[in-house]
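Input: a single structure, listed below in structure tokens.
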Amino acid sequence: YTTAWQFSRAAHFYADNFVQEKEAKKKIFSQGKDAALEAINLDPAGADGHYWLGANYGSWAEENGILDSLNYADDIAEEMTKVIDLDKNFKNGMPYAIRAKVYYKAPGWPLSIGDGDKAQADFTKAVALAKNKNRKVYRFYAEYLLQKGEKEKASAAIKAGLAVPLDQADLVLENKEIKLLQELQKK
């Protein structure tokens with residue numbers, strides 16, 4: 001179980017941060033999905049397997065475009081719901097933030113599961129759990145607020161994200177998130 005979900009995480013990290021070519025990214029995210037599915041088969045109650053399955057679904061779908069993203073919206077939200085059910089504090093709010101992103105990016109019924117009220121509720125929970133520990137939660141929330149035209153709230157979320165203490169053990173992701181928050185700040 002542990003090896004499978006860790007491979008899934010590593011595949012996601014590698015494709016998301018180092019691979020530039022679209023087809024190669026899709027292939028690696030697919031390998032990440034397969035590894036997460038194996039982890040879930042070995043331990044259906046393991047939060048890590050469900051989390052990395054949802055993360056790889058989402059990244060794979062984004063690389064494939066809007067139609068594939070719509071096809072995976074339910075699956076991503078379902079995996080994040082399973083993680084939340086297993087561990088409400090998992091990754092300091094990331095499952096809530098990912099599910100919220102699905103709710104605000106996907107179109108509403110009857111095409112998909114998009115729902116602004118659910119997105120806001122999930123972001124409220126995600127930010128409460130982030131507690132100055134998860135820069136990415138603040139970035140996702142700021143993107144959502146900017147899309148809604150709420151620039152003052154977005155600015156506050158960006159500042160909170162930039163104020164998160166630097167995790168020296170994860171500098172690749174930290175530097176990426178800081179750069180993305182700084183780009184949002186310019187908007």
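By order of appearance in the structure tokens: chains A, B, ..., then residues from 1 within every chain, and ligands from 1 in the order shown.
Near Thr124 (chain A), within a cut-off of 10 Å and counting only C-alpha atoms, sit the residues Gly93, Tyr96, Ala97, Ala100, Lys118, Ala119, Gln120, Ala121, Asp122, Ala126, Val127, Ala128, Leu129 and Tyr141 of chain A, with same-chain residues fewer than 2 positions away left out.
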Open item on the list: Give me the residues near region 68-81 of chain A as number ranges by chain, where near means some atom within 7 Å (using only C-alpha atoms) and where sequence neighbours in that chain fewer than 2 positions away do not count.
Closed with: A: 50-51, 54, 57-58, 61-62, 64-66, 83-85, 95, 99, 102, 106, 112-113
Selected residues written out with all heavy atoms, as a CSV table (one decimal), in the first residue's frame:
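Output below, filename part.csv:
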chain,number,residue,atom,x,y,z
A,50,HIS,N,-6.6,7.4,-1.8
A,50,HIS,CA,-7.7,8.2,-2.4
A,50,HIS,C,-7.2,9.6,-2.8
A,50,HIS,O,-7.6,10.1,-3.8
A,50,HIS,CB,-8.8,8.3,-1.4
A,50,HIS,CG,-9.5,6.9,-1.2
A,50,HIS,ND1,-10.3,6.4,-2.2
A,50,HIS,CD2,-9.4,6.1,-0.2
A,50,HIS,CE1,-10.7,5.2,-1.7
A,50,HIS,NE2,-10.2,5.0,-0.5
A,51,TYR,N,-6.4,10.2,-1.9
A,51,TYR,CA,-6.0,11.6,-2.2
A,51,TYR,C,-5.2,11.7,-3.5
A,51,TYR,O,-5.4,12.5,-4.4
A,51,TYR,CB,-5.1,12.1,-1.1
A,51,TYR,CG,-4.6,13.5,-1.4
A,51,TYR,CD1,-5.4,14.6,-1.1
A,51,TYR,CD2,-3.3,13.8,-1.9
A,51,TYR,CE1,-5.0,15.9,-1.4
A,51,TYR,CE2,-2.9,15.0,-2.1
A,51,TYR,CZ,-3.7,16.1,-1.9
A,51,TYR,OH,-3.3,17.4,-2.2
A,54,GLY,N,-7.3,11.1,-6.7
A,54,GLY,CA,-8.0,12.3,-7.0
A,54,GLY,C,-7.1,13.4,-7.6
A,54,GLY,O,-7.4,14.0,-8.6
A,57,TYR,N,-6.1,12.2,-11.1
A,57,TYR,CA,-7.3,12.4,-12.0
A,57,TYR,C,-7.3,13.9,-12.4
A,57,TYR,O,-7.5,14.2,-13.6
A,57,TYR,CB,-8.6,12.1,-11.3
A,57,TYR,CG,-9.0,10.7,-11.2
A,57,TYR,CD1,-9.9,10.2,-10.2
A,57,TYR,CD2,-8.6,9.7,-12.1
A,57,TYR,CE1,-10.4,8.9,-10.1
A,57,TYR,CE2,-9.1,8.4,-12.1
A,57,TYR,CZ,-10.0,8.0,-11.1
A,57,TYR,OH,-10.4,6.7,-11.0
A,58,GLY,N,-7.2,14.8,-11.5
A,58,GLY,CA,-7.4,16.2,-11.8
A,58,GLY,C,-6.3,16.7,-12.7
A,58,GLY,O,-6.6,17.4,-13.7
A,61,ALA,N,-6.8,15.2,-16.2
A,61,ALA,CA,-7.9,15.8,-16.9
A,61,ALA,C,-7.5,17.2,-17.4
A,61,ALA,O,-7.9,17.6,-18.5
A,61,ALA,CB,-9.1,15.9,-15.9
A,62,GLU,N,-6.8,18.0,-16.5
A,62,GLU,CA,-6.4,19.4,-17.0
A,62,GLU,C,-5.5,19.3,-18.2
A,62,GLU,O,-5.6,20.1,-19.1
A,62,GLU,CB,-5.7,20.1,-15.8
A,62,GLU,CG,-6.7,20.6,-14.8
A,62,GLU,CD,-6.0,21.3,-13.6
A,62,GLU,OE1,-4.7,21.2,-13.5
A,62,GLU,OE2,-6.7,21.9,-12.8
A,64,ASN,N,-5.7,17.1,-20.5
A,64,ASN,CA,-6.5,16.6,-21.6
A,64,ASN,C,-7.6,17.5,-22.1
A,64,ASN,O,-8.2,17.3,-23.1
A,64,ASN,CB,-7.1,15.2,-21.2
A,64,ASN,CG,-6.2,14.1,-21.4
A,64,ASN,OD1,-5.9,13.7,-22.6
A,64,ASN,ND2,-5.5,13.7,-20.4
A,65,GLY,N,-7.8,18.6,-21.4
A,65,GLY,CA,-8.8,19.6,-21.8
A,65,GLY,C,-10.1,19.5,-21.1
A,65,GLY,O,-10.4,18.6,-20.3
A,66,ILE,N,-11.0,20.4,-21.5
A,66,ILE,CA,-12.3,20.6,-20.8
A,66,ILE,C,-13.2,19.4,-20.8
A,66,ILE,O,-13.8,19.1,-19.8
A,66,ILE,CB,-13.0,21.9,-21.3
A,66,ILE,CG1,-14.2,22.2,-20.4
A,66,ILE,CG2,-13.4,21.8,-22.7
A,66,ILE,CD1,-14.0,23.4,-19.6
A,83,VAL,N,-11.4,11.0,1.3
A,83,VAL,CA,-10.3,11.4,2.1
A,83,VAL,C,-10.8,12.2,3.3
A,83,VAL,O,-10.4,11.9,4.5
A,83,VAL,CB,-9.3,12.3,1.3
A,83,VAL,CG1,-8.2,12.8,2.2
A,83,VAL,CG2,-8.6,11.5,0.2
A,84,ILE,N,-11.7,13.1,3.1
A,84,ILE,CA,-12.3,13.9,4.2
A,84,ILE,C,-13.0,13.0,5.2
A,84,ILE,O,-12.8,13.2,6.4
A,84,ILE,CB,-13.2,15.0,3.6
A,84,ILE,CG1,-12.4,16.1,2.9
A,84,ILE,CG2,-14.1,15.6,4.7
A,84,ILE,CD1,-13.3,16.9,1.9
A,85,ASP,N,-13.7,12.0,4.7
A,85,ASP,CA,-14.4,11.1,5.6
A,85,ASP,C,-13.4,10.3,6.4
A,85,ASP,O,-13.7,9.9,7.6
A,85,ASP,CB,-15.3,10.1,4.8
A,85,ASP,CG,-16.5,10.8,4.2
A,85,ASP,OD1,-16.8,12.0,4.6
A,85,ASP,OD2,-17.1,10.2,3.3
A,95,PRO,N,-7.8,18.4,0.7
A,95,PRO,CA,-8.9,17.7,0.0
A,95,PRO,C,-10.2,18.7,-0.1
A,95,PRO,O,-10.8,18.6,-1.1
A,95,PRO,CB,-9.3,16.6,1.0
A,95,PRO,CG,-8.0,16.3,1.7
A,95,PRO,CD,-7.3,17.6,1.8
A,99,ARG,N,-11.6,19.8,-3.8
A,99,ARG,CA,-13.1,19.6,-4.1
A,99,ARG,C,-13.7,20.9,-4.4
A,99,ARG,O,-14.5,21.0,-5.3
A,99,ARG,CB,-13.7,18.9,-2.9
A,99,ARG,CG,-15.1,18.4,-3.2
A,99,ARG,CD,-15.7,17.5,-2.1
A,99,ARG,NE,-16.0,18.3,-0.9
A,99,ARG,CZ,-16.5,17.8,0.2
A,99,ARG,NH1,-16.7,16.5,0.3
A,99,ARG,NH2,-16.7,18.5,1.2
A,102,VAL,N,-13.0,21.9,-7.9
A,102,VAL,CA,-13.9,21.2,-8.8
A,102,VAL,C,-15.3,21.8,-8.9
A,102,VAL,O,-15.8,22.1,-10.0
A,102,VAL,CB,-14.0,19.7,-8.4
A,102,VAL,CG1,-15.1,19.0,-9.2
A,102,VAL,CG2,-12.7,19.0,-8.6
A,106,ALA,N,-16.2,23.4,-12.5
A,106,ALA,CA,-17.1,22.6,-13.3
A,106,ALA,C,-18.4,23.4,-13.6
A,106,ALA,O,-18.8,24.1,-12.7
A,106,ALA,CB,-17.4,21.3,-12.6
A,112,SER,N,-22.7,19.1,-15.2
A,112,SER,CA,-21.7,18.6,-14.2
A,112,SER,C,-22.1,18.9,-12.8
A,112,SER,O,-23.2,19.3,-12.5
A,112,SER,CB,-20.3,19.2,-14.6
A,112,SER,OG,-19.3,18.5,-13.9
A,113,ILE,N,-21.1,18.9,-11.9
A,113,ILE,CA,-21.4,19.1,-10.5
A,113,ILE,C,-21.1,20.5,-9.9
A,113,ILE,O,-21.1,20.7,-8.7
A,113,ILE,CB,-20.6,18.0,-9.6
A,113,ILE,CG1,-19.1,18.2,-9.8
A,113,ILE,CG2,-21.0,16.6,-10.0
A,113,ILE,CD1,-18.3,17.4,-8.8
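Between Leu145 (chain A) and the candidates A:Lys91, A:Lys101, A:Lys27, A:Arg9, the tightest atom-to-atom separation, counting only C-alpha atoms, involves A:Lys101.
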Task: Residue nearest Asn175 (chain A) - candidates A:Gly161, A:Ala47, A:Ser59, A:Ser8, atoms counted: only C-alpha atoms - done: A:Gly161
TODO: From the DSSP assignment of the backbone, select every residue of region 28-135 of chain A that is helix (DSSP H, G or I), and format the answer as a VMD selection string.
DONE: chain A and resid 28 to 42 47 to 64 66 to 86 90 to 105 116 to 130 135
Task: Near-Val172 (chain A) list (12 Å; only C-alpha atoms; drop same-chain fewer than 4 positions) as a ChimeraX atom specification - done: /A:13-14,16-18,166-168,176-179
Suppose we keep N, CA, C and O atoms; can you now write the selection as a PDB file, in the first residue's frame?
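Written out: again.pdb:
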ATOM      1  N   PHE A  13       4.215  14.500  -8.581  1.00  0.00           N
ATOM      2  CA  PHE A  13       5.225  15.526  -8.321  1.00  0.00           C
ATOM      3  C   PHE A  13       6.127  15.722  -9.535  1.00  0.00           C
ATOM      4  O   PHE A  13       6.374  16.848  -9.972  1.00  0.00           O
ATOM      5  N   TYR A  14       6.612  14.630 -10.090  1.00  0.00           N
ATOM      6  CA  TYR A  14       7.518  14.693 -11.236  1.00  0.00           C
ATOM      7  C   TYR A  14       6.834  15.333 -12.450  1.00  0.00           C
ATOM      8  O   TYR A  14       7.360  16.270 -13.053  1.00  0.00           O
ATOM      9  N   ASP A  16       4.129  17.162 -12.588  1.00  0.00           N
ATOM     10  CA  ASP A  16       3.639  18.515 -12.312  1.00  0.00           C
ATOM     11  C   ASP A  16       4.756  19.551 -12.235  1.00  0.00           C
ATOM     12  O   ASP A  16       4.540  20.709 -12.552  1.00  0.00           O
ATOM     13  N   ASN A  17       5.946  19.134 -11.848  1.00  0.00           N
ATOM     14  CA  ASN A  17       7.011  20.092 -11.590  1.00  0.00           C
ATOM     15  C   ASN A  17       8.193  20.050 -12.554  1.00  0.00           C
ATOM     16  O   ASN A  17       8.945  21.019 -12.624  1.00  0.00           O
ATOM     17  N   PHE A  18       8.357  18.952 -13.290  1.00  0.00           N
ATOM     18  CA  PHE A  18       9.560  18.829 -14.110  1.00  0.00           C
ATOM     19  C   PHE A  18       9.305  18.487 -15.569  1.00  0.00           C
ATOM     20  O   PHE A  18      10.138  18.765 -16.411  1.00  0.00           O
ATOM     21  N   LEU A 166       8.203  29.049   5.524  1.00  0.00           N
ATOM     22  CA  LEU A 166       8.809  28.233   4.476  1.00  0.00           C
ATOM     23  C   LEU A 166       9.144  26.837   5.000  1.00  0.00           C
ATOM     24  O   LEU A 166       9.792  26.691   6.041  1.00  0.00           O
ATOM     25  N   ASP A 167       8.691  25.819   4.280  1.00  0.00           N
ATOM     26  CA  ASP A 167       9.002  24.426   4.614  1.00  0.00           C
ATOM     27  C   ASP A 167      10.294  24.060   3.883  1.00  0.00           C
ATOM     28  O   ASP A 167      10.282  23.781   2.682  1.00  0.00           O
ATOM     29  N   GLN A 168      11.388  24.062   4.600  1.00  0.00           N
ATOM     30  CA  GLN A 168      12.710  23.790   4.012  1.00  0.00           C
ATOM     31  C   GLN A 168      12.793  22.391   3.397  1.00  0.00           C
ATOM     32  O   GLN A 168      13.603  22.155   2.513  1.00  0.00           O
ATOM     33  N   LYS A 176       7.539  27.128  -5.974  1.00  0.00           N
ATOM     34  CA  LYS A 176       6.516  27.175  -7.027  1.00  0.00           C
ATOM     35  C   LYS A 176       5.268  27.914  -6.526  1.00  0.00           C
ATOM     36  O   LYS A 176       4.737  28.795  -7.212  1.00  0.00           O
ATOM     37  N   GLU A 177       4.804  27.563  -5.338  1.00  0.00           N
ATOM     38  CA  GLU A 177       3.603  28.198  -4.798  1.00  0.00           C
ATOM     39  C   GLU A 177       3.826  29.683  -4.503  1.00  0.00           C
ATOM     40  O   GLU A 177       2.942  30.507  -4.749  1.00  0.00           O
ATOM     41  N   ILE A 178       4.992  30.039  -4.002  1.00  0.00           N
ATOM     42  CA  ILE A 178       5.302  31.453  -3.755  1.00  0.00           C
ATOM     43  C   ILE A 178       5.262  32.225  -5.061  1.00  0.00           C
ATOM     44  O   ILE A 178       4.664  33.308  -5.146  1.00  0.00           O
ATOM     45  N   LYS A 179       5.865  31.670  -6.105  1.00  0.00           N
ATOM     46  CA  LYS A 179       5.857  32.326  -7.417  1.00  0.00           C
ATOM     47  C   LYS A 179       4.429  32.491  -7.945  1.00  0.00           C
ATOM     48  O   LYS A 179       4.052  33.559  -8.445  1.00  0.00           O
TER      49      LYS A 179
END
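The spacing separating CA of Gln185 (chain A) from CA of Lys148 (chain A) amounts to 15.3 Å.
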TODO: Tell me, as a PyMOL selection string, which residues lie within 7 Å of Trp60 (chain A), counting only C-alpha atoms; anything in the same chain fewer than 5 positions away does not count.
DONE: chain A and resi 26+29-30
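The smallest atom-to-atom distance between Asn41 (chain A) and any of A:Glu21, A:His12, A:Met94, A:Ala4, using only C-alpha atoms, is found for A:Ala4.
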- [ ] Could you give me, as a list in words, the residues within 9 Å of Tyr138 (chain A), counting only C-alpha atoms and dropping anything in the same chain fewer than 3 positions from it?
- [x] Ala97, Ala126, Val127, Ala130, Asn134, Arg135, Tyr141, Ala142, Glu143, Ala154, Ala157, Ile158, Lys159, Ala160, Gly161, Leu162 and Leu181 of chain A
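Considering the residues A:Gln182, A:Tyr104, A:Asn92, A:Leu42 and counting only C-alpha atoms, Val137 (chain A) has its shortest atom-to-atom contact with A:Asn92.
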